[in-house]
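Novice: Okay, handing you the structure first.
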Amino acid sequence: MACKATILPPHEQSRESSNKEKLEEKSLILFDLGGVIINLDWQRSFDAVSVLFGVEAADLQVMIKNNAWFQELEVGRVDKVQFYKGIKSELNRDFSIQDLDHAFNLMLLDIPYSRIKVVEQLKAFGKNVACLSNTNVFHMEKFDEILSSSSDYDRISDLMDYTFLSHEIGFRKPQKEAFLRVCEEAQTSPDQILFFDDIEENIDAATALGIESIQVKDKSIDQLLKF
């Protein structure tokens with residue numbers, strides 16, 4: 001059966017061609033998870049955690065950015081139980097670890113199969129595929145659950161050739177050490193990596209190290225990478 005051609009405007013044709021050329025030049029394709037592979041709705045978790053903690057949303061944003069318990073959780077220096085006990089004691093609030101788990105994970109939505117297919121196609125073309133994500137043990141358990149309900153893969157490590165999760169590697173984006181860890185373990189140089197992330201700060205940090213980077217903003221990866 002003949003393939004059906006898609007006629008794109010000239011600027012879209014140029015962008016699609018450019019992305020394909022970048023793919024051909026690289027040996028490792030590196031993806032963020034949240035906002036790139038899995039759809040997110042941050043507000044759902046912000047609202048739920050705000051109620052649970054008894055703080056305003058604006059104060060919660062400051063807490064997430066500056067509070068030691070959140071920082072330690074994301075780089076794996078405390079586990080779920082330690083975080084729960086520590087933040088509960090600090091806030092002097094009464095809630096269960098199950099309440100916390102549920103509130104944290106309300107932001108995680110679905111994984112369109114088209115994005116899983118992109119990863120599979122890249123691997124079929126001989127590319128190494130990896131993820132580099134700022135996350136924590138609460139999110140990863142839920143992420144694997146969503147992935148297994150959307151595909152034949154039980155864990156993110158089954159889908160990717162390499163997985164670099166902040167709570168496992170001890171560094172988070174935009175720290176340069178997170179990107180250097182990718183280079184070290186994947187045995188590749190920055191110029192051989194093509195990186196996709198939805199956060200400009202992470203894109204800038206990767207670019208500064210010589211990693212070619214594309215911000216996932218108006219289009220999803222399956223739209224940016226058409227085969």
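Letters for chains follow the order of the structure tokens (A, B, ...), residue numbers begin at 1 for each chain, and ligand numbers begin at 1 in the order shown.
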For Leu52 of chain A, please output as a list in words all residues within 10 Å (counting only C-alpha atoms; exclusion window: fewer than 6 positions along the same chain).
Specialist: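 Here the qualifying residues turn out to be Phe46, Lys88, Arg93, Asp94, Phe95, Ser96, Asp99, Leu100 and Ala103 of chain A.
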Novice: Store the residues picked out above, limited to N, CA and C atoms, as an mmCIF file, in the first residue's frame.
Specialist:
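Output below, filename again.cif:
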data_model
loop_
_atom_site.group_PDB
_atom_site.id
_atom_site.type_symbol
_atom_site.label_atom_id
_atom_site.label_comp_id
_atom_site.auth_asym_id
_atom_site.auth_seq_id
_atom_site.Cartn_x
_atom_site.Cartn_y
_atom_site.Cartn_z
ATOM 1 N N PHE A 46 -0.717 20.715 42.998
ATOM 2 C CA PHE A 46 -0.563 21.928 43.802
ATOM 3 C C PHE A 46 -1.784 22.157 44.682
ATOM 4 N N LYS A 88 5.549 16.198 57.848
ATOM 5 C CA LYS A 88 4.374 16.197 58.723
ATOM 6 C C LYS A 88 4.706 16.837 60.062
ATOM 7 N N ARG A 93 0.792 18.866 60.955
ATOM 8 C CA ARG A 93 -0.491 18.545 60.338
ATOM 9 C C ARG A 93 -0.735 17.045 60.429
ATOM 10 N N ASP A 94 -2.014 16.659 60.405
ATOM 11 C CA ASP A 94 -2.375 15.249 60.515
ATOM 12 C C ASP A 94 -2.894 14.742 59.167
ATOM 13 N N PHE A 95 -2.056 13.957 58.478
ATOM 14 C CA PHE A 95 -2.471 13.306 57.232
ATOM 15 C C PHE A 95 -1.664 12.024 57.079
ATOM 16 N N SER A 96 -2.161 11.115 56.282
ATOM 17 C CA SER A 96 -1.503 9.821 56.118
ATOM 18 C C SER A 96 -0.524 9.854 54.951
ATOM 19 N N ASP A 99 -2.426 9.673 51.819
ATOM 20 C CA ASP A 99 -2.945 10.974 51.385
ATOM 21 C C ASP A 99 -1.876 11.739 50.603
ATOM 22 N N LEU A 100 -0.655 11.702 51.111
ATOM 23 C CA LEU A 100 0.453 12.409 50.486
ATOM 24 C C LEU A 100 0.767 11.813 49.122
ATOM 25 N N ALA A 103 -1.947 12.865 46.628
ATOM 26 C CA ALA A 103 -1.864 14.283 46.265
ATOM 27 C C ALA A 103 -0.680 14.550 45.335
#
Novice: If we count only C-alpha atoms and set the cut-off at 9 Å, which residues sit around segment 159-167 of chain A, ignoring sequence neighbours fewer than 4 positions away in its own chain? Please answer as a ChimeraX atom specification.
Specialist: /A:72-78,116,119-120,123,128-137,140,153-155,171-173,178,181-182,185-186
Novice: If you measure from atom CA of Phe104 of chain A to atom CA of Phe138 of chain A, what distance in Å do you get, rounded to one decimal?
Specialist: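 Atom CA of Phe138 of chain A lies at a distance of 7.2 Å from atom CA of Phe104 of chain A.
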Novice: Would you give me, as a list in words, the residues in segment 20-225 of chain A that DSSP reads as strand (DSSP E)?
Specialist: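 Matching residues, listed in order: Leu28, Ile29, Leu30, Phe31, Asn128, Val129, Ala130, Cys131, Leu132, Ser133, Tyr162, Thr163, Phe164, Leu165, Ile193, Leu194, Phe195, Phe196, Asp197, Glu212, Ser213, Ile214 and Gln215 of chain A.
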Novice: Write out, as an mmCIF file, in the first residue's frame, the residues just selected, with C-alpha atoms.
Specialist:
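Result file selection-v2.cif:
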data_model
loop_
_atom_site.group_PDB
_atom_site.id
_atom_site.type_symbol
_atom_site.label_atom_id
_atom_site.label_comp_id
_atom_site.auth_asym_id
_atom_site.auth_seq_id
_atom_site.Cartn_x
_atom_site.Cartn_y
_atom_site.Cartn_z
ATOM 1 C CA LEU A 28 21.941 9.129 22.149
ATOM 2 C CA ILE A 29 18.455 10.638 22.276
ATOM 3 C CA LEU A 30 17.695 11.932 25.774
ATOM 4 C CA PHE A 31 14.185 12.700 27.003
ATOM 5 C CA ASN A 128 20.342 4.659 22.158
ATOM 6 C CA VAL A 129 17.438 6.197 24.053
ATOM 7 C CA ALA A 130 17.532 7.498 27.627
ATOM 8 C CA CYS A 131 15.547 9.607 30.058
ATOM 9 C CA LEU A 132 16.807 12.196 32.518
ATOM 10 C CA SER A 133 14.128 13.251 34.978
ATOM 11 C CA TYR A 162 19.291 4.100 30.121
ATOM 12 C CA THR A 163 17.334 5.738 32.926
ATOM 13 C CA PHE A 164 18.704 8.660 34.932
ATOM 14 C CA LEU A 165 16.370 9.639 37.750
ATOM 15 C CA ILE A 193 23.362 13.766 22.510
ATOM 16 C CA LEU A 194 20.041 15.247 21.409
ATOM 17 C CA PHE A 195 18.023 16.346 24.455
ATOM 18 C CA PHE A 196 14.290 17.074 24.768
ATOM 19 C CA ASP A 197 12.903 18.885 27.826
ATOM 20 C CA GLU A 212 22.050 20.001 21.369
ATOM 21 C CA SER A 213 18.649 20.603 22.947
ATOM 22 C CA ILE A 214 15.053 21.130 21.862
ATOM 23 C CA GLN A 215 12.391 22.577 24.159
#
Novice: Mind pulling up the distance from atom CA of Lys217 of chain A to atom CA of Pro112 of chain A?
Specialist: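 Interatomic distance here is 16.3 Å.
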Novice: Find the distance between atom CA of Thr207 of chain A and atom CA of Leu180 of chain A and write it in Å to one decimal.
Specialist: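 So the two atoms, atom CA of Thr207 of chain A and atom CA of Leu180 of chain A, lie 12.4 Å apart.
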Novice: So that I can check the secondary structure, give me every residue of chain A assigned helix (DSSP H, G or I) by backbone DSSP, as an NGL selection string.
Specialist: :A and (10-25 or 42-53 or 57-66 or 68-74 or 80-91 or 97-105 or 113-124 or 137-150 or 156-159 or 166-169 or 176-186 or 190-192 or 200-208 or 221-224)
Novice: Just the selected residues (C-alpha atoms), exported as a short mmCIF file (atom, residue, chain, number, x, y, z; two decimals), in the first residue's frame, please.
Specialist:
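Saved file out_1.cif follows:
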data_model
loop_
_atom_site.label_atom_id
_atom_site.label_comp_id
_atom_site.auth_asym_id
_atom_site.auth_seq_id
_atom_site.Cartn_x
_atom_site.Cartn_y
_atom_site.Cartn_z
CA PRO A 10 7.42 25.38 4.01
CA HIS A 11 8.49 26.40 7.54
CA GLU A 12 7.09 23.17 8.98
CA GLN A 13 8.82 21.12 6.27
CA SER A 14 12.11 22.83 7.12
CA ARG A 15 11.68 22.23 10.87
CA GLU A 16 10.80 18.55 10.39
CA SER A 17 13.77 18.06 8.06
CA SER A 18 16.07 19.79 10.53
CA ASN A 19 14.98 17.54 13.39
CA LYS A 20 15.58 14.43 11.26
CA GLU A 21 19.06 15.64 10.37
CA LYS A 22 19.81 16.17 14.06
CA LEU A 23 18.65 12.62 14.81
CA GLU A 24 20.94 11.17 12.17
CA GLU A 25 23.94 12.97 13.66
CA TRP A 42 0.78 20.42 37.88
CA GLN A 43 -2.17 22.39 39.22
CA ARG A 44 -3.99 19.27 40.33
CA SER A 45 -1.17 18.34 42.70
CA PHE A 46 -0.56 21.93 43.80
CA ASP A 47 -4.20 22.27 44.84
CA ALA A 48 -4.33 18.92 46.64
CA VAL A 49 -1.01 19.35 48.46
CA SER A 50 -1.94 22.92 49.45
CA VAL A 51 -5.05 21.62 51.19
CA LEU A 52 -3.16 18.73 52.78
CA PHE A 53 -0.41 21.00 54.11
CA ALA A 57 -0.54 27.70 46.68
CA ALA A 58 2.01 30.53 46.43
CA ASP A 59 3.59 29.49 49.74
CA LEU A 60 3.68 25.90 48.55
CA GLN A 61 5.64 26.91 45.46
CA VAL A 62 8.25 28.56 47.68
CA MET A 63 8.31 25.49 49.93
CA ILE A 64 8.89 23.11 47.02
CA LYS A 65 11.75 25.26 45.78
CA ASN A 66 13.47 25.96 49.09
CA ALA A 68 15.12 20.94 52.58
CA TRP A 69 12.74 17.98 52.74
CA PHE A 70 11.64 18.49 49.14
CA GLN A 71 15.22 18.95 47.95
CA GLU A 72 16.44 15.86 49.79
CA LEU A 73 13.56 13.78 48.44
CA GLU A 74 14.29 14.67 44.83
CA LYS A 80 9.15 8.16 51.28
CA VAL A 81 8.71 7.43 54.97
CA GLN A 82 11.46 9.83 56.08
CA PHE A 83 10.00 12.60 53.94
CA TYR A 84 6.47 11.95 55.20
CA LYS A 85 7.47 11.98 58.85
CA GLY A 86 9.73 15.00 58.44
CA ILE A 87 7.32 17.24 56.54
CA LYS A 88 4.37 16.20 58.72
CA SER A 89 6.30 17.09 61.87
CA GLU A 90 7.47 20.39 60.41
CA LEU A 91 3.94 21.40 59.42
CA ILE A 97 1.31 8.78 53.80
CA GLN A 98 -1.40 7.48 51.46
CA ASP A 99 -2.95 10.97 51.38
CA LEU A 100 0.45 12.41 50.49
CA ASP A 101 1.09 9.81 47.81
CA HIS A 102 -2.30 10.50 46.21
CA ALA A 103 -1.86 14.28 46.27
CA PHE A 104 1.64 14.15 44.80
CA ASN A 105 0.57 11.92 41.93
CA TYR A 113 1.07 5.43 22.83
CA SER A 114 2.42 7.59 20.00
CA ARG A 115 5.23 8.70 22.32
CA ILE A 116 6.10 5.15 23.28
CA LYS A 117 6.18 4.39 19.56
CA VAL A 118 8.70 7.21 19.01
CA VAL A 119 11.06 5.59 21.53
CA GLU A 120 10.60 2.18 19.91
CA GLN A 121 11.28 3.60 16.43
CA LEU A 122 14.42 5.37 17.59
CA LYS A 123 15.73 2.13 19.04
CA ALA A 124 14.82 0.28 15.84
CA VAL A 137 10.07 7.67 44.55
CA PHE A 138 6.42 8.74 44.91
CA HIS A 139 6.20 9.70 41.25
CA MET A 140 8.21 6.81 39.82
CA GLU A 141 5.98 4.14 41.34
CA LYS A 142 2.95 5.85 39.79
CA PHE A 143 4.75 6.47 36.51
CA ASP A 144 5.50 2.76 36.12
CA GLU A 145 1.89 1.97 36.91
CA ILE A 146 0.67 4.34 34.17
CA LEU A 147 3.26 3.01 31.71
CA SER A 148 2.24 -0.61 32.28
CA SER A 149 -1.43 0.27 31.74
CA SER A 150 -0.56 2.03 28.45
CA ILE A 156 10.56 2.92 32.45
CA SER A 157 13.83 0.97 32.52
CA ASP A 158 12.21 -1.60 30.22
CA LEU A 159 11.39 1.08 27.64
CA SER A 166 17.34 12.43 40.13
CA HIS A 167 16.46 10.46 43.26
CA GLU A 168 18.69 7.60 42.06
CA ILE A 169 21.69 9.49 40.66
CA LYS A 176 25.69 20.00 35.24
CA GLU A 177 26.52 16.86 37.20
CA ALA A 178 23.22 15.32 36.10
CA PHE A 179 24.13 15.70 32.42
CA LEU A 180 27.72 14.59 32.98
CA ARG A 181 26.41 11.44 34.65
CA VAL A 182 24.50 10.67 31.45
CA CYS A 183 27.67 11.08 29.40
CA GLU A 184 29.67 8.89 31.77
CA GLU A 185 27.24 5.97 32.02
CA ALA A 186 26.19 6.03 28.37
CA PRO A 190 27.85 15.89 24.87
CA ASP A 191 27.98 16.57 21.13
CA GLN A 192 26.53 13.10 20.46
CA GLU A 200 13.89 26.34 29.50
CA GLU A 201 16.33 26.36 32.42
CA ASN A 202 17.20 22.70 31.76
CA ILE A 203 17.58 23.35 28.04
CA ASP A 204 19.98 26.22 28.76
CA ALA A 205 22.06 24.10 31.15
CA ALA A 206 22.38 21.27 28.64
CA THR A 207 23.21 23.64 25.79
CA ALA A 208 25.97 25.24 27.88
CA ILE A 221 7.78 14.71 20.74
CA ASP A 222 5.73 12.57 18.37
CA GLN A 223 4.94 15.74 16.42
CA LEU A 224 8.54 16.98 16.53
#
Novice: At a cut-off of 7 Å, using only C-alpha atoms, what residues contact Gly35 of chain A? Leave out same-chain residues fewer than 4 positions from it and give the result as an mmCIF file with C-alpha atoms, in the first residue's frame.
Specialist:
data_model
loop_
_atom_site.group_PDB
_atom_site.id
_atom_site.type_symbol
_atom_site.label_atom_id
_atom_site.label_comp_id
_atom_site.auth_asym_id
_atom_site.auth_seq_id
_atom_site.Cartn_x
_atom_site.Cartn_y
_atom_site.Cartn_z
ATOM 1 C CA ASN A 39 1.295 14.402 30.239
ATOM 2 C CA LEU A 40 1.161 16.528 33.378
ATOM 3 C CA ASP A 198 9.967 21.184 28.554
#
